[in-house]
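The structure under discussion appears below in the form of structure tokens.
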Amino acid sequence: MSMLELRAVTKQYTANDLALNNVTLNIEGGEVVGLIGPSGAGKSTLIRCINRLTEPTKGSVTFQGRDLVGLSRRELRKARTSIGMIFQEYALIERLTVMENVLSGRLGYVPFWRSFLRKYPPQDVQRAYALLDRVGLLDHVNKRADALSGGQRQRVGIARALAQEPDLLLIDEPTAALDPRTARQIMRLISEICEERSLPAIINIHDVNLARQFVKRIVGLRHGEVVFDGLASELTPAVLTEIYGEEDWSKTIQKGGEEADAENEAA
Amino acid sequence: MSDTTSNYSDSWDRRSRAERLIRWVLWLVFVAVFIQSWRIMNEDTLWFFVEDAPRQFADISSRMWPIRWSYMDQLWKPLWDTINIATLGTALGVVIALPIAFLAASNTTPNAYIVRPIALFIIAASRSINSLIWALLLVMVLGPGLLAGIIAIALRSIGFVAKLTYEGIEEINKTQVAAVTATGASSVQVLDYAIIPQILPNFVSTAIFRWDINIRESTVLGMVGAGGIGLQLDASLATLAWPQVALIFIAILGTVVVSESISARVRKALI
Amino acid sequence: MTTAAYPTVWKKPPFIKSTYLRYSLWAAVLVYTFLALGSVEVNWSRVVEGADRGMRFVKAFVQPDFVSRWPNIWKGLVESLTMTLCSTVAGIILAIPFGLGAARNLVPGWVYIFCRAFIAVSRSFQEIIIAIICAAVFGFGTFAGFVTLTFATIGFLAKLIADEIEATNPHALTAMRATGASWWQQVNYAIQPQISPRTIGLCLYRLDINFRESAVIGVVGAGGIGATLNTAMDRYEYDSAAAILLIIIALVMVAEYFSGIIRKRIQ
Ligand SMILES: Nc1ncnc2c1ncn2[C@@H]1O[C@H](COP(=O)(O)OP(=O)(O)OP(=O)(O)O)[C@@H](O)[C@H]1O
Ligand SMILES: [Mg+2]
């Protein structure tokens, strides 16, 4: 059985529009999947249906052998602790310190009094320090999140998700608000971390080249339906036309290749 | 080509003219209502008194002179009471306002059909009724004294603070809430980590602003027996002791100016 | 991941950095609370006595009596409403010159100081105090109330208008000056368009406040529904008093609803 199985997931926001239409998808342990598709294709909706930030209208989401859709609120909270999420606009709590933001990844594990008094168990604090070191922010532990740059904020976002000790990462356009160089660094960090821990992940991403460079398996979404599921190397102009619509894709792919080469040389 | 152009501009012109006509009619109606209101309002006005006003004003001003500075000895205690009414009343009101704001905000209310309307009604009722009227009612129940004043100030502050706070809660960043929810946090933890940090600066600033207003309001509560410097003002007016009244005005002005600058400074430091 | 080398405790940095200042502030708050609470004397036997009247008042709210004093209530309401309208209009008309005069970037120093002083006096005194003086000067009745509310409106609006003008984009004003426009033309073209929408919103808000205030200045003889309320209370006619309070609440809610709609349409 796969780590994560989506069966015929459908989401209907308004009466006559399906944001997701019968999406079926399997993800194995340790597998990183890039989710691409035009704006409004339903990428965010798909990701949010997995941890039920958005309630799917129909279908089932089986994670580690349990159907998340049927869970009670309490059970859902428990399940969410093992699913880390990273957001496009970082979604840090701006007025709290970096450390509080990372520790907030432990909220599902600690009782209310601990989180309220900021008295987390020693091993949680230790892990938080270690993670901040891993993402290169050990010098900023006591800064407020709104005092950080975009790239730094996203590193905090990554550390928060990892503080949950997740078995799955949901990543919604982690680089959309970042400059190209920082975007690459963040993507590299994420793919390294996933490899280190053989952590499965779903990454929504707008930039096809970035996806091709860092992700092996790509799923293409269009109008809420899966129209492509295969290796990144199989992304041909014809496939991109299928996902995004008519456009001259040959340049994108070529140029992307060159850029990736240059990037690899620089690294 | 030229034909279509002229057609187009013609239709635009007509609409604008209709709009202008409506505007003129509305203004006309407004002026008529104003004039009628003015007439009704002044039905019982004795113009003799109004014409006499400048003389009256000069007369009262002259009777305030010389200001009775020695009376200040008896004003320190009432001033201290006035500040206490405002401060304790604000504190009490703020503590009650916070939960009401959460019940009233559409994104945090536990129940949108019963709880939320009740919370909104409490806010509206508290805001519609002036603290002096609350004091009038409370003096009747509790008897004269500071307690009635404190509760009156608190009751009036609930609506003000809760309204501004719940509007703030409704405007919070939703992704931050989603992010904390996604970690598996319970709803109190979401409140503590995602919502309160976002509204806290605004909330504190509102509370201090209200304290500043309450200092002003509590200067008159004594007129209905709810403690503070208003008591002295009422007594001095009753005995036509204008030199004392003048001193009380000066004392009020001083207190208000000081409290306003404190409130402005603290709010600036917090933001 | 080895985490043993990292600290196991973390303390949130305090809001006030200096320990000395922090503890003195706490001490000051404690001492003040103690002293302030100590100055509150409660006559418990009087409270017990009053509880019965309180209950009667609560009951009166459940069964308000609109009928027996209806002529008085109606007269008071008409007085309050006409007072509100007239004083708001007069207040707005007078607040404009005071607001212009209190804007540092528009007028010479002495005009500025005079206008700001007038505004400060108007804002410092509670409407009740102004009403007492007005009742003494103009005689009891609605005219005194009208003058009171007009005076308070000027202070309220002129300050907001002046602050708004001072915060407007100075380039527009410079540009108008450069064209050789007269003072009135400068105000008309450079200032008015920048401040109009918010000012209209504020005028509506003040209309609201004036109605609420008109319900209270009657207590000291300045006419309106407040006078009716005061009489009802003096006669222990709690059911009529409750009826009046309910009417005030209802009118304020209606006014707020409509001013909300108007404000939305302006912006
Ligand atoms: N809360 C909502 N209420 C109603 N409709 C929604 C809501 N959220 C998303 N939608 C609709 O669902 C569809 C899919 O939206 P979604 O945000 O999943 O797209 P996306 O692929 O993430 O797009 P983008 O690349 O712009 O982020 C869109 O048509 C959107 O308008
Ligand atoms: Mg999206």
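Identifiers in the structure tokens: chain A, B, ... in order shown; residue index from 1 per chain; ligand index from 1 in order shown.
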
Could you list, as an MDAnalysis selection string, all residues that come within 7 Å of ligand 1? Count only C-alpha atoms and all ligand atoms. chainID A and resid 13:14 19 37:46 206

Write out the residues from the selection above, keeping all heavy atoms, as an mmCIF file, in the first residue's frame.
```
data_model
loop_
_atom_site.group_PDB
_atom_site.id
_atom_site.type_symbol
_atom_site.label_atom_id
_atom_site.label_comp_id
_atom_site.auth_asym_id
_atom_site.auth_seq_id
_atom_site.Cartn_x
_atom_site.Cartn_y
_atom_site.Cartn_z
ATOM 1 N N TYR A 13 -16.513 24.193 -4.932
ATOM 2 C CA TYR A 13 -16.716 25.396 -4.113
ATOM 3 C C TYR A 13 -18.066 26.008 -4.415
ATOM 4 O O TYR A 13 -18.856 26.295 -3.537
ATOM 5 C CB TYR A 13 -15.641 26.451 -4.401
ATOM 6 C CG TYR A 13 -14.281 26.152 -3.808
ATOM 7 C CD1 TYR A 13 -13.206 25.821 -4.618
ATOM 8 C CD2 TYR A 13 -14.075 26.248 -2.438
ATOM 9 C CE1 TYR A 13 -11.955 25.581 -4.083
ATOM 10 C CE2 TYR A 13 -12.825 26.006 -1.900
ATOM 11 C CZ TYR A 13 -11.774 25.676 -2.721
ATOM 12 O OH TYR A 13 -10.547 25.431 -2.197
ATOM 13 N N THR A 14 -18.305 26.210 -5.730
ATOM 14 C CA THR A 14 -19.574 26.819 -6.124
ATOM 15 C C THR A 14 -20.383 25.802 -6.917
ATOM 16 O O THR A 14 -19.850 24.803 -7.386
ATOM 17 C CB THR A 14 -19.332 28.070 -6.980
ATOM 18 O OG1 THR A 14 -18.429 27.716 -8.014
ATOM 19 C CG2 THR A 14 -18.748 29.199 -6.157
ATOM 20 N N ALA A 19 -13.488 22.488 -8.646
ATOM 21 C CA ALA A 19 -12.091 22.874 -8.486
ATOM 22 C C ALA A 19 -11.204 21.642 -8.615
ATOM 23 O O ALA A 19 -10.082 21.717 -9.118
ATOM 24 C CB ALA A 19 -11.880 23.548 -7.142
ATOM 25 N N GLY A 37 0.697 23.311 -12.992
ATOM 26 C CA GLY A 37 -0.568 23.579 -13.653
ATOM 27 C C GLY A 37 -0.834 25.064 -13.648
ATOM 28 O O GLY A 37 -0.266 25.790 -12.837
ATOM 29 N N PRO A 38 -1.685 25.536 -14.561
ATOM 30 C CA PRO A 38 -1.939 26.971 -14.633
ATOM 31 C C PRO A 38 -2.664 27.479 -13.387
ATOM 32 O O PRO A 38 -3.189 26.695 -12.600
ATOM 33 C CB PRO A 38 -2.837 27.106 -15.872
ATOM 34 C CG PRO A 38 -3.449 25.766 -16.050
ATOM 35 C CD PRO A 38 -2.459 24.771 -15.546
ATOM 36 N N SER A 39 -2.661 28.782 -13.236
ATOM 37 C CA SER A 39 -3.334 29.400 -12.101
ATOM 38 C C SER A 39 -4.803 29.002 -12.099
ATOM 39 O O SER A 39 -5.451 29.025 -13.129
ATOM 40 C CB SER A 39 -3.202 30.913 -12.211
ATOM 41 O OG SER A 39 -3.419 31.497 -10.978
ATOM 42 N N GLY A 40 -5.299 28.598 -10.950
ATOM 43 C CA GLY A 40 -6.697 28.211 -10.847
ATOM 44 C C GLY A 40 -6.944 26.758 -11.209
ATOM 45 O O GLY A 40 -8.083 26.305 -11.230
ATOM 46 N N ALA A 41 -5.870 25.999 -11.470
ATOM 47 C CA ALA A 41 -6.049 24.599 -11.853
ATOM 48 C C ALA A 41 -6.490 23.747 -10.678
ATOM 49 O O ALA A 41 -7.026 22.657 -10.869
ATOM 50 C CB ALA A 41 -4.740 24.058 -12.414
ATOM 51 N N GLY A 42 -6.255 24.249 -9.457
ATOM 52 C CA GLY A 42 -6.678 23.496 -8.287
ATOM 53 C C GLY A 42 -5.523 22.912 -7.496
ATOM 54 O O GLY A 42 -5.715 22.034 -6.669
ATOM 55 N N LYS A 43 -4.310 23.431 -7.721
ATOM 56 C CA LYS A 43 -3.134 22.899 -7.026
ATOM 57 C C LYS A 43 -3.256 23.120 -5.516
ATOM 58 O O LYS A 43 -3.082 22.187 -4.728
ATOM 59 C CB LYS A 43 -1.857 23.589 -7.541
ATOM 60 C CG LYS A 43 -1.662 23.470 -9.047
ATOM 61 C CD LYS A 43 -0.355 24.070 -9.490
ATOM 62 C CE LYS A 43 -0.236 25.562 -9.291
ATOM 63 N NZ LYS A 43 -1.174 26.340 -10.115
ATOM 64 N N SER A 44 -3.528 24.367 -5.132
ATOM 65 C CA SER A 44 -3.645 24.653 -3.699
ATOM 66 C C SER A 44 -4.793 23.860 -3.099
ATOM 67 O O SER A 44 -4.692 23.322 -1.996
ATOM 68 C CB SER A 44 -3.887 26.142 -3.470
ATOM 69 O OG SER A 44 -2.849 26.889 -4.032
ATOM 70 N N THR A 45 -5.889 23.797 -3.826
ATOM 71 C CA THR A 45 -7.047 23.067 -3.330
ATOM 72 C C THR A 45 -6.694 21.611 -3.066
ATOM 73 O O THR A 45 -7.040 21.052 -2.019
ATOM 74 C CB THR A 45 -8.197 23.153 -4.343
ATOM 75 O OG1 THR A 45 -8.458 24.527 -4.621
ATOM 76 C CG2 THR A 45 -9.452 22.507 -3.803
ATOM 77 N N LEU A 46 -5.950 21.012 -3.983
ATOM 78 C CA LEU A 46 -5.570 19.610 -3.834
ATOM 79 C C LEU A 46 -4.754 19.404 -2.560
ATOM 80 O O LEU A 46 -5.035 18.513 -1.751
ATOM 81 C CB LEU A 46 -4.765 19.159 -5.057
ATOM 82 C CG LEU A 46 -4.285 17.708 -5.033
ATOM 83 C CD1 LEU A 46 -5.471 16.768 -4.969
ATOM 84 C CD2 LEU A 46 -3.437 17.395 -6.252
ATOM 85 N N HIS A 206 5.056 26.884 -9.734
ATOM 86 C CA HIS A 206 4.668 27.556 -10.963
ATOM 87 C C HIS A 206 5.757 27.460 -12.019
ATOM 88 O O HIS A 206 5.485 27.442 -13.206
ATOM 89 C CB HIS A 206 4.403 29.040 -10.666
ATOM 90 C CG HIS A 206 2.952 29.357 -10.595
ATOM 91 N ND1 HIS A 206 2.088 29.050 -11.602
ATOM 92 C CD2 HIS A 206 2.211 29.953 -9.645
ATOM 93 C CE1 HIS A 206 0.881 29.437 -11.266
ATOM 94 N NE2 HIS A 206 0.920 29.989 -10.077
#
```

Counting only C-alpha atoms, chain A residues within 6 Å of chain C, as a compact mmCIF listing (two decimals) with N, CA and C atoms, in the first residue's frame:
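out08.txt written:
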```txt
# COMPACT_ATOMS: atom_id res chain seq x y z
N PRO A 122 12.27 19.91 26.89
CA PRO A 122 13.66 20.17 26.50
C PRO A 122 14.01 19.62 25.12
N VAL A 125 12.83 21.93 22.39
CA VAL A 125 13.64 23.13 22.25
C VAL A 125 14.94 22.79 21.54
N GLN A 126 15.52 21.68 21.96
CA GLN A 126 16.78 21.25 21.37
C GLN A 126 16.62 21.01 19.87
N ALA A 130 18.37 22.83 16.64
CA ALA A 130 19.06 22.06 15.61
C ALA A 130 18.51 22.40 14.23
```

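The nearest approach to ligand 2 among the residues A:Gln88, A:Thr236, A:Gln154, A:Ser115, with only C-alpha atoms and all ligand atoms taken into account, belongs to A:Gln88.
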
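Proximity ranking of B:Val25, B:Val115, B:Ala154, B:Leu233 relative to B:Asn130 places B:Ala154 first, based on only C-alpha atoms.
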
Contacts of stretch 95-99 of chain A within 8 Å, only C-alpha atoms, excl. fewer than 3 positions in-chain, as a VMD selection string: (chain A and resid 102 to 103 128 140 to 146 156) or (chain B and resid 197 to 198) or (chain C and resid 12)

Tell me, in Å to one decimal, how far atom CA of C:Ile129 is from atom CA of C:Asn43. 28.6 Å

Check the DSSP output for the backbone and give back, as a VMD selection string, the residues of stretch 1-224 of chain C in helix (DSSP H, G or I). chain C and resid 19 to 38 44 to 62 70 to 101 109 to 124 127 to 138 142 to 166 170 to 178 183 to 214 217 to 220

With distances taken over only C-alpha atoms, the candidate from A:Pro180, A:Gly70, A:Pro200, A:Pro166 nearest chain B is A:Pro166

Please check the contacts: residues of chain A at most 7 Å away from chain B, using only C-alpha atoms, listed as a list in words.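 The complete set of qualifying residues is Leu53, Arg77, Lys78, Arg80, Thr81, Gly84, Met85, Ala91, Leu92, Ile93, Arg95, Gly105, Leu107, Gly108 and Phe112 of chain A.
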
Pull out every residue of chain C sitting within 8 Å of chain B, counting only C-alpha atoms, and send them as a PyMOL selection string. chain C and resi 36+39-43+46-47+49-54+78-79+82-83+85-86+121+124-126+128-129+136-139+141-143+212-213+216+245+248-249+252-253

Name the residues in contact with C:Ile130 at a cut-off of 6 Å, using only C-alpha atoms, excluding same-chain residues fewer than 3 positions from it; report them as a count of residues only. 3

Selected residue, from C:Ile73, C:Ala255, C:Ala250, C:Ala167, that lies nearest to C:Gly223 when counting only C-alpha atoms: C:Ile73

Please provide the set of residues having any atom within 9 Å of C:Gly101, restricted to only C-alpha atoms, with same-chain residues fewer than 2 positions apart removed, written as a compact mmCIF listing (two decimals) with all heavy atoms, in the first residue's frame.
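Okay, this is what ended up in selection22.txt:
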```
# COMPACT_ATOMS: atom_id res chain seq x y z
N ILE C 96 -15.28 73.52 8.99
CA ILE C 96 -14.41 73.65 7.81
C ILE C 96 -13.42 74.80 7.98
O ILE C 96 -12.22 74.59 7.85
CB ILE C 96 -15.27 73.77 6.53
CG1 ILE C 96 -15.94 72.41 6.27
CG2 ILE C 96 -14.41 74.17 5.33
CD1 ILE C 96 -17.03 72.43 5.23
N PRO C 97 -13.90 76.05 8.28
CA PRO C 97 -12.89 77.10 8.49
C PRO C 97 -11.93 76.80 9.65
O PRO C 97 -10.73 77.04 9.52
CB PRO C 97 -13.73 78.34 8.80
CG PRO C 97 -15.10 77.87 9.07
CD PRO C 97 -15.27 76.59 8.33
N PHE C 98 -12.44 76.23 10.73
CA PHE C 98 -11.54 75.92 11.85
C PHE C 98 -10.54 74.84 11.45
O PHE C 98 -9.38 74.88 11.84
CB PHE C 98 -12.34 75.48 13.09
CG PHE C 98 -12.82 76.64 13.91
CD1 PHE C 98 -14.13 77.05 13.85
CD2 PHE C 98 -11.94 77.32 14.74
CE1 PHE C 98 -14.59 78.12 14.60
CE2 PHE C 98 -12.39 78.40 15.49
CZ PHE C 98 -13.71 78.81 15.41
N GLY C 99 -11.00 73.87 10.67
CA GLY C 99 -10.10 72.80 10.23
C GLY C 99 -9.01 73.34 9.32
O GLY C 99 -7.83 73.02 9.47
N ALA C 103 -4.60 73.77 10.12
CA ALA C 103 -3.65 72.98 9.34
C ALA C 103 -2.37 73.79 9.15
O ALA C 103 -2.40 74.87 8.56
CB ALA C 103 -4.25 72.61 7.98
N ARG C 104 -1.29 73.28 9.68
CA ARG C 104 -0.04 74.04 9.71
C ARG C 104 0.44 74.44 8.32
O ARG C 104 1.06 75.48 8.15
CB ARG C 104 1.03 73.20 10.39
CG ARG C 104 2.15 74.01 10.97
CD ARG C 104 3.07 73.11 11.76
NE ARG C 104 2.30 72.29 12.71
CZ ARG C 104 2.83 71.75 13.79
NH1 ARG C 104 4.09 71.93 14.07
NH2 ARG C 104 2.10 71.00 14.60
N LEU C 106 -1.17 75.43 5.78
CA LEU C 106 -2.04 76.32 5.01
C LEU C 106 -2.07 77.77 5.50
O LEU C 106 -2.35 78.67 4.73
CB LEU C 106 -3.49 75.79 5.01
CG LEU C 106 -3.82 74.62 4.09
CD1 LEU C 106 -5.29 74.30 4.20
CD2 LEU C 106 -3.46 74.95 2.67
N VAL C 107 -1.86 77.98 6.79
CA VAL C 107 -2.14 79.31 7.35
C VAL C 107 -0.95 79.83 8.16
O VAL C 107 -0.10 79.06 8.59
CB VAL C 107 -3.37 79.25 8.28
CG1 VAL C 107 -4.62 78.98 7.50
CG2 VAL C 107 -3.17 78.24 9.38
N PRO C 108 -0.93 81.15 8.38
CA PRO C 108 0.11 81.74 9.23
C PRO C 108 -0.01 81.27 10.68
O PRO C 108 -1.07 80.82 11.11
CB PRO C 108 -0.13 83.24 9.12
CG PRO C 108 -1.49 83.39 8.57
CD PRO C 108 -1.79 82.17 7.77
N VAL C 111 -2.99 82.25 13.29
CA VAL C 111 -4.29 81.62 12.99
C VAL C 111 -4.27 80.17 13.47
O VAL C 111 -5.20 79.68 14.12
CB VAL C 111 -4.59 81.65 11.47
CG1 VAL C 111 -5.90 80.96 11.17
CG2 VAL C 111 -4.59 83.07 10.97
N TYR C 112 -3.13 79.50 13.18
CA TYR C 112 -2.97 78.11 13.59
C TYR C 112 -3.14 77.96 15.10
O TYR C 112 -3.91 77.12 15.57
CB TYR C 112 -1.58 77.63 13.15
CG TYR C 112 -1.20 76.27 13.68
CD1 TYR C 112 -1.74 75.12 13.13
CD2 TYR C 112 -0.31 76.15 14.74
CE1 TYR C 112 -1.41 73.88 13.61
CE2 TYR C 112 0.04 74.91 15.23
CZ TYR C 112 -0.52 73.77 14.67
OH TYR C 112 -0.18 72.55 15.16
N ILE C 113 -2.45 78.80 15.85
CA ILE C 113 -2.49 78.68 17.31
C ILE C 113 -3.90 78.95 17.84
O ILE C 113 -4.43 78.21 18.67
CB ILE C 113 -1.47 79.64 17.96
CG1 ILE C 113 -0.06 79.10 17.68
CG2 ILE C 113 -1.71 79.78 19.45
CD1 ILE C 113 1.03 80.05 18.04
N PHE C 114 -4.55 79.97 17.29
CA PHE C 114 -5.92 80.28 17.73
C PHE C 114 -6.85 79.09 17.48
O PHE C 114 -7.58 78.65 18.37
CB PHE C 114 -6.42 81.53 17.00
CG PHE C 114 -7.88 81.80 17.26
CD1 PHE C 114 -8.29 82.39 18.45
CD2 PHE C 114 -8.84 81.45 16.31
CE1 PHE C 114 -9.63 82.61 18.70
CE2 PHE C 114 -10.19 81.67 16.56
CZ PHE C 114 -10.58 82.25 17.75
N CYS C 115 -6.81 78.55 16.27
CA CYS C 115 -7.72 77.46 15.93
C CYS C 115 -7.43 76.21 16.76
O CYS C 115 -8.35 75.54 17.23
CB CYS C 115 -7.63 77.14 14.44
SG CYS C 115 -8.31 78.43 13.41
N ARG C 116 -6.15 75.89 16.92
CA ARG C 116 -5.80 74.69 17.70
C ARG C 116 -6.24 74.85 19.15
O ARG C 116 -6.69 73.89 19.78
CB ARG C 116 -4.30 74.43 17.63
CG ARG C 116 -3.85 73.81 16.34
CD ARG C 116 -4.13 72.32 16.31
NE ARG C 116 -3.93 71.78 14.96
CZ ARG C 116 -4.07 70.50 14.62
NH1 ARG C 116 -4.41 69.60 15.51
NH2 ARG C 116 -3.89 70.10 13.39
N ALA C 158 -13.06 69.52 13.23
CA ALA C 158 -11.98 70.40 12.80
C ALA C 158 -10.64 69.73 13.04
O ALA C 158 -9.74 69.81 12.20
CB ALA C 158 -12.06 71.74 13.54
N ALA C 162 -8.16 68.91 10.05
CA ALA C 162 -6.82 69.52 10.04
C ALA C 162 -5.73 68.46 9.96
O ALA C 162 -4.79 68.59 9.17
CB ALA C 162 -6.64 70.36 11.31
```

Please provide as a count of residues only all residues within 8 Å of C:Arg263, with the sequence filter that same-chain residues fewer than 3 positions apart are discarded (counting only C-alpha atoms). 6

Quick one: pull the distance between atom CA of C:Ser196 and atom CA of C:Trp184, Å, one decimal.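 Separation of atom CA of C:Ser196 and atom CA of C:Trp184: 15.8 Å.
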
Separation of atom CA of B:Ala226 and atom CA of B:Gly149, in Å?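 That distance, rounded to one decimal, is 4.7 Å.
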
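For the set B:Phe102, B:Trp76, B:Trp134, B:Phe209, the residue with the smallest atom-to-atom gap to B:Ala162 is B:Phe102, counting only C-alpha atoms.
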